[in-house]
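**Student:** mmCIF, C-alpha atoms, file entry00.cif:
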```cif
data_query
#
loop_
_atom_site.group_PDB
_atom_site.id
_atom_site.type_symbol
_atom_site.label_atom_id
_atom_site.label_comp_id
_atom_site.auth_asym_id
_atom_site.auth_seq_id
_atom_site.Cartn_x
_atom_site.Cartn_y
_atom_site.Cartn_z
ATOM 1 C CA MET S 1 0.000 0.000 0.000
ATOM 2 C CA VAL S 2 1.064 3.567 -0.592
ATOM 3 C CA ASP S 3 2.191 5.447 2.507
ATOM 4 C CA GLU S 4 -0.567 7.978 3.241
ATOM 5 C CA ALA S 5 1.875 10.279 4.970
ATOM 6 C CA PHE S 6 3.950 10.614 1.822
ATOM 7 C CA ASP S 7 3.689 14.143 0.430
ATOM 8 C CA PHE S 8 3.083 13.537 -3.270
ATOM 9 C CA ALA S 9 2.452 17.191 -4.067
ATOM 10 C CA ARG S 10 5.815 18.281 -2.703
ATOM 11 C CA CYS S 11 7.605 15.335 -4.284
ATOM 12 C CA LEU S 12 6.012 16.056 -7.686
ATOM 13 C CA GLU S 13 7.071 19.688 -7.485
ATOM 14 C CA ARG S 14 10.658 18.570 -6.981
ATOM 15 C CA VAL S 15 10.382 15.992 -9.779
ATOM 16 C CA ARG S 16 9.186 18.749 -12.129
ATOM 17 C CA GLU S 17 12.246 20.741 -11.149
ATOM 18 C CA ARG S 18 14.298 17.744 -12.368
ATOM 19 C CA ASP S 19 15.336 16.663 -8.902
ATOM 20 C CA GLN S 20 16.575 13.091 -9.451
ATOM 21 C CA ALA S 21 16.528 12.191 -5.764
ATOM 22 C CA ALA S 22 12.813 13.093 -5.634
ATOM 23 C CA SER S 23 12.195 11.025 -8.783
ATOM 24 C CA ARG S 24 13.848 7.996 -7.195
ATOM 25 C CA GLN S 25 11.823 8.561 -4.037
ATOM 26 C CA LEU S 26 8.628 8.654 -6.117
ATOM 27 C CA VAL S 27 9.508 5.364 -7.854
ATOM 28 C CA THR S 28 10.356 3.712 -4.534
ATOM 29 C CA GLU S 29 7.095 4.897 -2.991
ATOM 30 C CA LEU S 30 4.903 3.708 -5.863
ATOM 31 C CA TYR S 31 6.741 0.485 -6.674
ATOM 32 C CA PRO S 32 4.725 -1.839 -4.357
ATOM 33 C CA GLN S 33 1.429 -0.607 -5.828
ATOM 34 C CA VAL S 34 2.660 -0.874 -9.418
ATOM 35 C CA ILE S 35 4.226 -4.312 -8.989
ATOM 36 C CA ARG S 36 0.983 -5.693 -7.493
ATOM 37 C CA ILE S 37 -0.953 -4.498 -10.533
ATOM 38 C CA VAL S 38 1.707 -5.924 -12.852
ATOM 39 C CA ARG S 39 1.642 -9.315 -11.109
ATOM 40 C CA SER S 40 -2.120 -9.588 -11.264
ATOM 41 C CA HIS S 41 -2.279 -8.734 -14.978
ATOM 42 C CA LEU S 42 1.095 -9.985 -16.104
ATOM 43 C CA PRO S 43 1.133 -10.982 -19.754
ATOM 44 C CA ARG S 44 2.977 -14.181 -20.519
ATOM 45 C CA ARG S 45 6.674 -14.000 -21.310
ATOM 46 C CA VAL S 46 6.969 -10.427 -20.078
ATOM 47 C CA ALA S 47 9.249 -9.953 -17.103
ATOM 48 C CA GLU S 48 7.489 -8.082 -14.312
ATOM 49 C CA GLU S 49 10.397 -5.732 -13.773
ATOM 50 C CA ASP S 50 10.468 -4.713 -17.456
ATOM 51 C CA LEU S 51 6.767 -3.982 -17.405
ATOM 52 C CA ALA S 52 7.094 -1.989 -14.162
ATOM 53 C CA GLN S 53 9.901 -0.020 -15.765
ATOM 54 C CA ASP S 54 7.714 0.811 -18.792
ATOM 55 C CA ILE S 55 4.978 2.004 -16.464
ATOM 56 C CA PHE S 56 7.295 4.333 -14.561
ATOM 57 C CA LEU S 57 8.755 5.687 -17.798
ATOM 58 C CA LYS S 58 5.253 6.490 -19.013
ATOM 59 C CA MET S 59 4.543 8.125 -15.664
ATOM 60 C CA PHE S 60 7.550 10.434 -16.041
ATOM 61 C CA THR S 61 6.986 11.272 -19.696
ATOM 62 C CA ARG S 62 3.317 12.110 -19.082
ATOM 63 C CA LEU S 63 3.815 13.938 -15.833
ATOM 64 C CA GLU S 64 2.910 17.290 -17.414
ATOM 65 C CA GLN S 65 -0.508 15.865 -18.242
ATOM 66 C CA TYR S 66 -1.320 15.152 -14.582
ATOM 67 C CA GLN S 67 -3.851 17.792 -13.562
ATOM 68 C CA GLY S 68 -4.315 16.746 -9.939
ATOM 69 C CA ASN S 69 -8.012 15.851 -10.411
ATOM 70 C CA VAL S 70 -7.426 12.412 -8.883
ATOM 71 C CA PRO S 71 -4.869 11.335 -6.277
ATOM 72 C CA PHE S 72 -1.503 10.703 -7.908
ATOM 73 C CA PRO S 73 -1.339 6.964 -7.001
ATOM 74 C CA HIS S 74 -4.726 6.467 -8.738
ATOM 75 C CA TRP S 75 -3.417 8.187 -11.849
ATOM 76 C CA VAL S 76 -0.374 5.898 -11.830
ATOM 77 C CA SER S 77 -2.602 2.818 -11.288
ATOM 78 C CA ARG S 78 -4.482 3.725 -14.419
ATOM 79 C CA ILE S 79 -1.261 3.970 -16.397
ATOM 80 C CA ALA S 80 -0.236 0.570 -14.978
ATOM 81 C CA VAL S 81 -3.521 -1.108 -15.929
ATOM 82 C CA THR S 82 -3.578 0.331 -19.440
ATOM 83 C CA THR S 83 0.075 -0.609 -20.000
ATOM 84 C CA CYS S 84 -0.616 -4.208 -18.941
ATOM 85 C CA ILE S 85 -3.673 -4.427 -21.163
ATOM 86 C CA ASP S 86 -1.726 -2.998 -24.114
ATOM 87 C CA GLN S 87 0.896 -5.704 -23.579
ATOM 88 C CA LEU S 88 -1.806 -8.364 -23.493
ATOM 89 C CA ARG S 89 -3.265 -7.023 -26.735
ATOM 90 C CA VAL S 90 0.152 -7.335 -28.374
ATOM 91 C CA GLN S 91 0.181 -11.043 -27.488
ATOM 92 C CA LYS S 92 -2.701 -12.059 -29.697
ATOM 93 C CA ARG S 93 -2.096 -15.783 -29.433
ATOM 94 C CA ARG S 94 -3.362 -17.378 -26.273
ATOM 95 C CA PRO S 95 -2.124 -20.778 -25.094
ATOM 96 C CA GLU S 96 -4.433 -23.682 -25.771
ATOM 97 C CA PHE S 97 -6.223 -24.829 -22.638
ATOM 98 C CA ARG S 98 -6.469 -28.612 -22.337
ATOM 99 C CA TRP S 99 -7.548 -30.686 -19.414
ATOM 100 C CA ALA S 100 -4.709 -33.111 -19.991
ATOM 101 C CA ASP S 101 -2.097 -30.363 -19.600
ATOM 102 C CA LEU S 102 -3.265 -29.317 -16.142
ATOM 103 C CA PRO S 103 -1.192 -30.308 -13.104
ATOM 104 C CA GLU S 104 -2.930 -32.878 -10.910
ATOM 105 C CA GLU S 105 -4.103 -30.483 -8.187
ATOM 106 C CA GLN S 106 -5.551 -28.041 -10.737
ATOM 107 C CA ALA S 107 -7.308 -30.828 -12.643
ATOM 108 C CA GLU S 108 -8.793 -32.057 -9.357
ATOM 109 C CA MET S 109 -9.885 -28.543 -8.488
ATOM 110 C CA LEU S 110 -11.538 -28.083 -11.864
ATOM 111 C CA ASP S 111 -13.229 -31.452 -11.521
ATOM 112 C CA HIS S 112 -14.737 -30.408 -8.197
ATOM 113 C CA VAL S 113 -15.902 -27.092 -9.573
ATOM 114 C CA LEU S 114 -17.438 -28.648 -12.663
ATOM 115 C CA SER S 115 -19.081 -31.516 -10.812
ATOM 116 C CA ASP S 116 -20.897 -28.882 -8.735
ATOM 117 C CA GLU S 117 -20.278 -30.598 -5.454
ATOM 118 C CA ARG S 118 -21.789 -28.631 -2.648
ATOM 119 C CA GLU S 119 -19.134 -29.208 -0.049
ATOM 120 C CA ALA S 120 -16.186 -26.906 0.163
ATOM 121 C CA ILE S 121 -13.614 -27.537 -2.491
ATOM 122 C CA PRO S 122 -10.726 -29.354 -0.911
ATOM 123 C CA GLY S 123 -7.262 -28.175 -1.467
ATOM 124 C CA ASP S 124 -5.316 -25.403 -2.058
ATOM 125 C CA ALA S 125 -6.081 -21.803 -2.727
ATOM 126 C CA LEU S 126 -2.897 -21.458 -4.723
ATOM 127 C CA ALA S 127 -4.015 -24.152 -7.156
ATOM 128 C CA ALA S 128 -7.353 -22.368 -7.469
ATOM 129 C CA ARG S 129 -5.634 -19.080 -8.183
ATOM 130 C CA GLU S 130 -3.388 -20.618 -10.819
ATOM 131 C CA LEU S 131 -6.379 -22.309 -12.393
ATOM 132 C CA VAL S 132 -8.346 -19.053 -12.458
ATOM 133 C CA GLN S 133 -5.392 -17.288 -14.077
ATOM 134 C CA LYS S 134 -5.179 -20.009 -16.721
ATOM 135 C CA LEU S 135 -8.893 -19.722 -17.439
ATOM 136 C CA LEU S 136 -8.722 -15.926 -17.605
ATOM 137 C CA GLY S 137 -5.703 -16.248 -19.879
ATOM 138 C CA GLN S 138 -8.000 -17.795 -22.490
ATOM 139 C CA LEU S 139 -10.080 -14.631 -22.715
ATOM 140 C CA LYS S 140 -9.439 -11.461 -24.670
ATOM 141 C CA PRO S 141 -7.478 -8.828 -22.715
ATOM 142 C CA ASP S 142 -10.485 -6.595 -21.966
ATOM 143 C CA ASP S 143 -12.595 -9.561 -20.815
ATOM 144 C CA ARG S 144 -9.770 -10.896 -18.710
ATOM 145 C CA LEU S 145 -9.175 -7.512 -17.111
ATOM 146 C CA VAL S 146 -12.791 -6.944 -16.176
ATOM 147 C CA LEU S 147 -13.160 -10.362 -14.498
ATOM 148 C CA GLN S 148 -9.823 -10.035 -12.751
ATOM 149 C CA LEU S 149 -10.843 -6.693 -11.262
ATOM 150 C CA LEU S 150 -14.438 -7.595 -10.510
ATOM 151 C CA ASP S 151 -14.347 -11.218 -9.383
ATOM 152 C CA LEU S 152 -10.826 -11.661 -8.071
ATOM 153 C CA GLU S 153 -9.900 -8.256 -6.737
ATOM 154 C CA GLN S 154 -13.542 -7.460 -5.872
ATOM 155 C CA LYS S 155 -13.329 -3.877 -6.995
ATOM 156 C CA THR S 156 -16.512 -1.854 -7.349
ATOM 157 C CA LEU S 157 -17.863 -0.750 -10.723
ATOM 158 C CA ALA S 158 -16.824 2.820 -9.899
ATOM 159 C CA GLU S 159 -13.271 1.746 -9.113
ATOM 160 C CA ILE S 160 -13.013 -0.294 -12.326
ATOM 161 C CA SER S 161 -14.417 2.604 -14.279
ATOM 162 C CA ALA S 162 -11.785 4.927 -12.788
ATOM 163 C CA LEU S 163 -8.987 2.457 -13.516
ATOM 164 C CA THR S 164 -9.935 1.623 -17.081
ATOM 165 C CA GLY S 165 -11.756 4.706 -18.298
ATOM 166 C CA TRP S 166 -14.778 2.565 -19.317
ATOM 167 C CA ASN S 167 -18.185 3.701 -18.112
ATOM 168 C CA GLN S 168 -19.979 1.529 -15.563
ATOM 169 C CA THR S 169 -22.520 0.178 -18.056
ATOM 170 C CA LEU S 170 -19.704 -0.936 -20.333
ATOM 171 C CA VAL S 171 -17.975 -2.631 -17.391
ATOM 172 C CA LYS S 172 -21.185 -4.570 -16.588
ATOM 173 C CA VAL S 173 -21.729 -5.561 -20.211
ATOM 174 C CA ARG S 174 -18.100 -6.683 -20.604
ATOM 175 C CA ALA S 175 -18.279 -8.704 -17.384
ATOM 176 C CA PHE S 176 -21.494 -10.393 -18.522
ATOM 177 C CA ARG S 177 -20.049 -11.294 -21.914
ATOM 178 C CA ALA S 178 -16.775 -12.473 -20.392
ATOM 179 C CA ARG S 179 -18.628 -14.806 -17.996
ATOM 180 C CA ARG S 180 -20.647 -16.225 -20.879
ATOM 181 C CA LYS S 181 -17.407 -16.960 -22.760
ATOM 182 C CA LEU S 182 -16.012 -18.662 -19.672
ATOM 183 C CA GLN S 183 -19.217 -20.644 -19.352
ATOM 184 C CA LYS S 184 -18.808 -21.862 -22.922
ATOM 185 C CA MET S 185 -15.241 -22.858 -22.093
ATOM 186 C CA PHE S 186 -16.412 -24.740 -18.990
ATOM 187 C CA GLN S 187 -18.965 -26.621 -21.091
ATOM 188 C CA GLU S 188 -16.303 -27.604 -23.593
ATOM 189 C CA LEU S 189 -14.063 -28.783 -20.765
ATOM 190 C CA GLN S 190 -16.901 -30.872 -19.359
ATOM 191 C CA GLN S 191 -17.387 -32.495 -22.740
ATOM 192 C CA GLN S 192 -13.640 -33.141 -22.989
ATOM 193 C CA GLU S 193 -13.708 -34.741 -19.565
ATOM 194 C CA LYS S 194 -16.686 -36.951 -20.440
ATOM 195 C CA SER S 195 -15.112 -38.113 -23.655
ATOM 196 C CA MET C 196 -27.632 -17.184 -10.436
ATOM 197 C CA SER C 197 -26.882 -19.902 -12.979
ATOM 198 C CA GLN C 198 -25.033 -23.092 -12.152
ATOM 199 C CA PHE C 199 -21.977 -21.792 -13.945
ATOM 200 C CA ASP C 200 -22.028 -18.512 -12.022
ATOM 201 C CA GLN C 201 -22.102 -20.461 -8.754
ATOM 202 C CA GLN C 202 -19.183 -22.620 -9.872
ATOM 203 C CA TRP C 203 -17.209 -19.578 -10.940
ATOM 204 C CA GLN C 204 -17.938 -17.731 -7.692
ATOM 205 C CA ARG C 205 -16.778 -20.742 -5.655
ATOM 206 C CA LEU C 206 -13.568 -20.998 -7.636
ATOM 207 C CA THR C 207 -12.760 -17.285 -7.407
ATOM 208 C CA ALA C 208 -13.617 -17.218 -3.684
ATOM 209 C CA LEU C 209 -11.075 -19.966 -3.108
ATOM 210 C CA ALA C 210 -8.523 -18.246 -5.351
ATOM 211 C CA ARG C 211 -8.873 -15.074 -3.297
ATOM 212 C CA GLN C 212 -7.748 -16.989 -0.222
ATOM 213 C CA ALA C 213 -4.340 -17.599 -1.767
ATOM 214 C CA PRO C 214 -1.680 -15.589 0.043
ATOM 215 C CA ALA C 215 -0.764 -12.259 -1.494
ATOM 216 C CA ASP C 216 2.194 -12.390 -3.761
ATOM 217 C CA GLN C 217 5.608 -12.210 -2.133
ATOM 218 C CA ASP C 218 7.854 -9.350 -1.737
ATOM 219 C CA THR C 219 7.180 -5.870 -3.067
ATOM 220 C CA THR C 220 10.461 -4.188 -2.199
ATOM 221 C CA VAL C 221 12.134 -2.274 -4.978
ATOM 222 C CA PRO C 222 14.946 -4.276 -6.638
ATOM 223 C CA THR C 223 18.385 -2.779 -6.133
ATOM 224 C CA GLY C 224 19.154 -0.095 -8.675
ATOM 225 C CA PHE C 225 15.650 -0.144 -10.155
ATOM 226 C CA ALA C 226 14.742 3.446 -9.224
ATOM 227 C CA THR C 227 18.111 4.787 -10.405
ATOM 228 C CA ARG C 228 17.814 2.937 -13.716
ATOM 229 C CA VAL C 229 14.261 4.163 -14.347
ATOM 230 C CA VAL C 230 15.065 7.758 -13.424
ATOM 231 C CA ALA C 231 18.174 7.779 -15.636
ATOM 232 C CA GLN C 232 16.180 6.406 -18.559
ATOM 233 C CA ALA C 233 13.343 8.875 -17.961
ATOM 234 C CA ALA C 234 15.835 11.742 -17.983
ATOM 235 C CA SER C 235 16.928 10.779 -21.491
ATOM 236 C CA THR C 236 13.364 10.334 -22.791
ATOM 237 C CA PRO C 237 11.519 13.351 -24.240
ATOM 238 C CA VAL C 238 8.544 14.502 -22.189
ATOM 239 C CA ASP C 239 5.020 14.088 -23.611
ATOM 240 C CA GLY C 240 3.258 17.408 -23.278
ATOM 241 C CA PRO C 241 -0.114 18.327 -24.777
ATOM 242 C CA TRP C 242 1.596 19.406 -28.034
ATOM 243 C CA PRO C 243 2.395 15.972 -29.451
ATOM 244 C CA THR C 244 -1.290 15.069 -29.138
ATOM 245 C CA LEU C 245 -2.327 18.282 -30.863
ATOM 246 C CA GLU C 246 0.310 17.745 -33.525
ATOM 247 C CA ARG C 247 -0.988 14.238 -34.188
ATOM 248 C CA LEU C 248 -4.558 15.535 -34.428
ATOM 249 C CA ALA C 249 -3.498 18.392 -36.699
ATOM 250 C CA LEU C 250 -1.623 15.980 -38.967
ATOM 251 C CA ARG C 251 -4.672 13.723 -39.192
ATOM 252 C CA GLY C 252 -6.864 16.737 -39.966
ATOM 253 C CA PHE C 253 -4.456 17.875 -42.657
ATOM 254 C CA LEU C 254 -4.353 14.414 -44.253
ATOM 255 C CA ALA C 255 -8.145 14.149 -44.181
ATOM 256 C CA ALA C 256 -8.495 17.609 -45.758
ATOM 257 C CA ALA C 257 -5.932 16.739 -48.447
ATOM 258 C CA ALA C 258 -7.759 13.482 -49.232
ATOM 259 C CA CYS C 259 -11.091 15.353 -49.498
ATOM 260 C CA SER C 260 -9.533 17.969 -51.834
ATOM 261 C CA LEU C 261 -8.057 15.306 -54.098
ATOM 262 C CA ALA C 262 -11.353 13.430 -54.158
ATOM 263 C CA ALA C 263 -13.220 16.637 -55.064
ATOM 264 C CA VAL C 264 -10.791 17.430 -57.898
ATOM 265 C CA ALA C 265 -10.979 13.873 -59.223
ATOM 266 C CA PHE C 266 -14.773 13.870 -59.010
ATOM 267 C CA ASN C 267 -15.047 17.152 -60.894
ATOM 268 C CA TYR C 268 -12.579 16.014 -63.542
ATOM 269 C CA LEU C 269 -14.245 12.658 -64.157
ATOM 270 C CA GLY C 270 -17.787 14.008 -63.925
ATOM 271 C CA SER C 271 -17.372 16.866 -66.428
ATOM 272 C CA THR C 272 -18.890 16.454 -69.907
ATOM 273 C CA PRO C 273 -16.887 17.251 -73.030
ATOM 274 C CA GLU C 274 -17.248 20.907 -73.825
ATOM 275 C CA LEU C 275 -19.315 21.828 -76.869
ATOM 276 C CA PRO C 276 -18.317 24.704 -79.051
ATOM 277 C CA GLU C 277 -19.753 27.843 -77.406
ATOM 278 C CA ASP C 278 -22.031 28.775 -80.270
ATOM 279 C CA ALA C 279 -23.139 25.289 -81.403
ATOM 280 C CA GLY C 280 -26.435 25.453 -79.521
ATOM 281 C CA LEU C 281 -27.092 28.968 -80.704
ATOM 282 C CA ASP C 282 -26.524 28.024 -84.340
ATOM 283 C CA GLU C 283 -28.966 25.156 -84.120
ATOM 284 C CA THR C 284 -31.606 27.317 -82.449
ATOM 285 C CA MET C 285 -31.204 30.027 -85.074
ATOM 286 C CA SER C 286 -31.476 27.566 -87.922
ATOM 287 C CA VAL C 287 -34.676 26.122 -86.490
ATOM 288 C CA LEU C 288 -36.190 29.534 -85.896
ATOM 289 C CA LEU C 289 -35.298 30.861 -89.312
ATOM 290 C CA ASP C 290 -35.908 27.504 -91.016
ATOM 291 C CA LEU C 291 -32.645 27.737 -92.924
ATOM 292 C CA SER C 292 -32.223 24.055 -93.635
#
```
Could you write out this file's structure as structure tokens?
**Tutor:**
Amino acid sequence: MVDEAFDFARCLERVRERDQAASRQLVTELYPQVIRIVRSHLPRRVAEEDLAQDIFLKMFTRLEQYQGNVPFPHWVSRIAVTTCIDQLRVQKRRPEFRWADLPEEQAEMLDHVLSDEREAIPGDALAARELVQKLLGQLKPDDRLVLQLLDLEQKTLAEISALTGWNQTLVKVRAFRARRKLQKMFQELQQQEKS
Amino acid sequence: MSQFDQQWQRLTALARQAPADQDTTVPTGFATRVVAQAASTPVDGPWPTLERLALRGFLAAAACSLAAVAFNYLGSTPELPEDAGLDETMSVLLDLS
């Protein structure tokens, strides 16, 4: 989390005066927030540090455009999200998702989810998270982003709208369509499993 | 809520319980590297955006002008001699034929 006591206004003033120490301080302060966003939306084959570096470079080159209408960390979060989604768009090919390729614990997890057993799913939250990431990785970048923010990070429609620049109706529509695509994928997996 | 939605909610609820990802401390030298690179990168002000828009506007206007010239050129009929119509009218009126 960003330190609330950190004086962004003063730091930004110094950064605008080309104070390199202030610039380094700004990067250090925002790094945990940026790296969390990068990790949750990380496109395949892109090193997290490289992506974080791109985000900070964009932050510095666009600094003159920051009007102060939103808190500075929110403005940077938006740059981080849009940079990740741009990277995902570049990687048009998505890996094929096959039941047979899943590690044992993820296959078991998926089996429990698909068989609709009422008791709590046994096992491991990490396997569930990896499985969810694999499933989301099959979707288009915008669909993936909306479900990641809404269902995994449990952000509100207003927060997602602020992060992505999409209006709330568009967020709802995208989430609905993305879930329907996932549903279709689940059905195909069930058929694979039966056969 | 459909059966799928329930399944998906159960899976994501479990995924949320996974511990937050590791360490978020800045790698050594990261801030220095980024700041040095930023210092050598030109700053994006509002002008580049305006320049891009102006260039697009100029290209669109040029395309429209060319299209208008081409349309006028292709659509024009071969010119008749200026007095051809007059001659015919006069010959009809005066019955000179």
**Student:** If the PyMOL selection byres ((chain S) within 7 of (chain C)) were run on this exact file, what residues would it hold? Put them as a ChimeraX atom specification.
**Tutor:** /S:20,23-24,27-28,31-32,35,53,56-57,60-62,64-65,113-114,116,125-126,128-129,132,151-152,183
**Student:** Tell me, as a PDB file with C-alpha atoms, in the coordinates of the input, which residues lie within 9 Å of Ala175 in chain S, counting only C-alpha atoms; anything in the same chain fewer than 4 positions away does not count.
**Tutor:**
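See selection.pdb below for the written result:
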```
ATOM      1  CA  ASP S 143     -12.595  -9.561 -20.815  1.00  0.00           C
ATOM      2  CA  ARG S 144      -9.770 -10.896 -18.710  1.00  0.00           C
ATOM      3  CA  VAL S 146     -12.791  -6.944 -16.176  1.00  0.00           C
ATOM      4  CA  LEU S 147     -13.160 -10.362 -14.498  1.00  0.00           C
ATOM      5  CA  LEU S 150     -14.438  -7.595 -10.510  1.00  0.00           C
ATOM      6  CA  LEU S 170     -19.704  -0.936 -20.333  1.00  0.00           C
ATOM      7  CA  VAL S 171     -17.975  -2.631 -17.391  1.00  0.00           C
ATOM      8  CA  ARG S 179     -18.628 -14.806 -17.996  1.00  0.00           C
ATOM      9  CA  ARG S 180     -20.647 -16.225 -20.879  1.00  0.00           C
TER      10      ARG S 180
END
```
**Student:** Could you jot down the CA of Thr83 in chain S to CA of Ile55 in chain S separation for me, Å, one decimal place?
**Tutor:**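 Going from CA of Thr83 in chain S over to CA of Ile55 in chain S, I get 6.6 Å.
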**Student:** For Gln33 in chain S, which residue out of S:Val90, S:Tyr66, S:His74, S:Arg14 is the nearest one, using all atoms listed in the file?
**Tutor:**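 Looking at the shortest contact to Gln33 in chain S, the residue is S:His74.
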**Student:** Report, in Å to a single decimal, how far apart CA of Met185 in chain S and CA of Ala80 in chain S are.
**Tutor:**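 A separation of 28.7 Å between them.
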**Student:** One decimal, in Å: what's the spacing between CA of Leu163 in chain S and CA of Arg78 in chain S?
**Tutor:**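 These atoms are spaced 4.8 Å apart.
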**Student:** How big is the axis-aligned box around the listed atoms of range 213-227 of chain C once 6 Å is added on each side, and where is its centre? Give both in Å to one decimal, as lines of an AutoDock Vina configuration file.
**Tutor:**
```
center_x = 7.4
center_y = -6.4
center_z = -5.2
size_x = 35.5
size_y = 34.4
size_z = 22.4
```
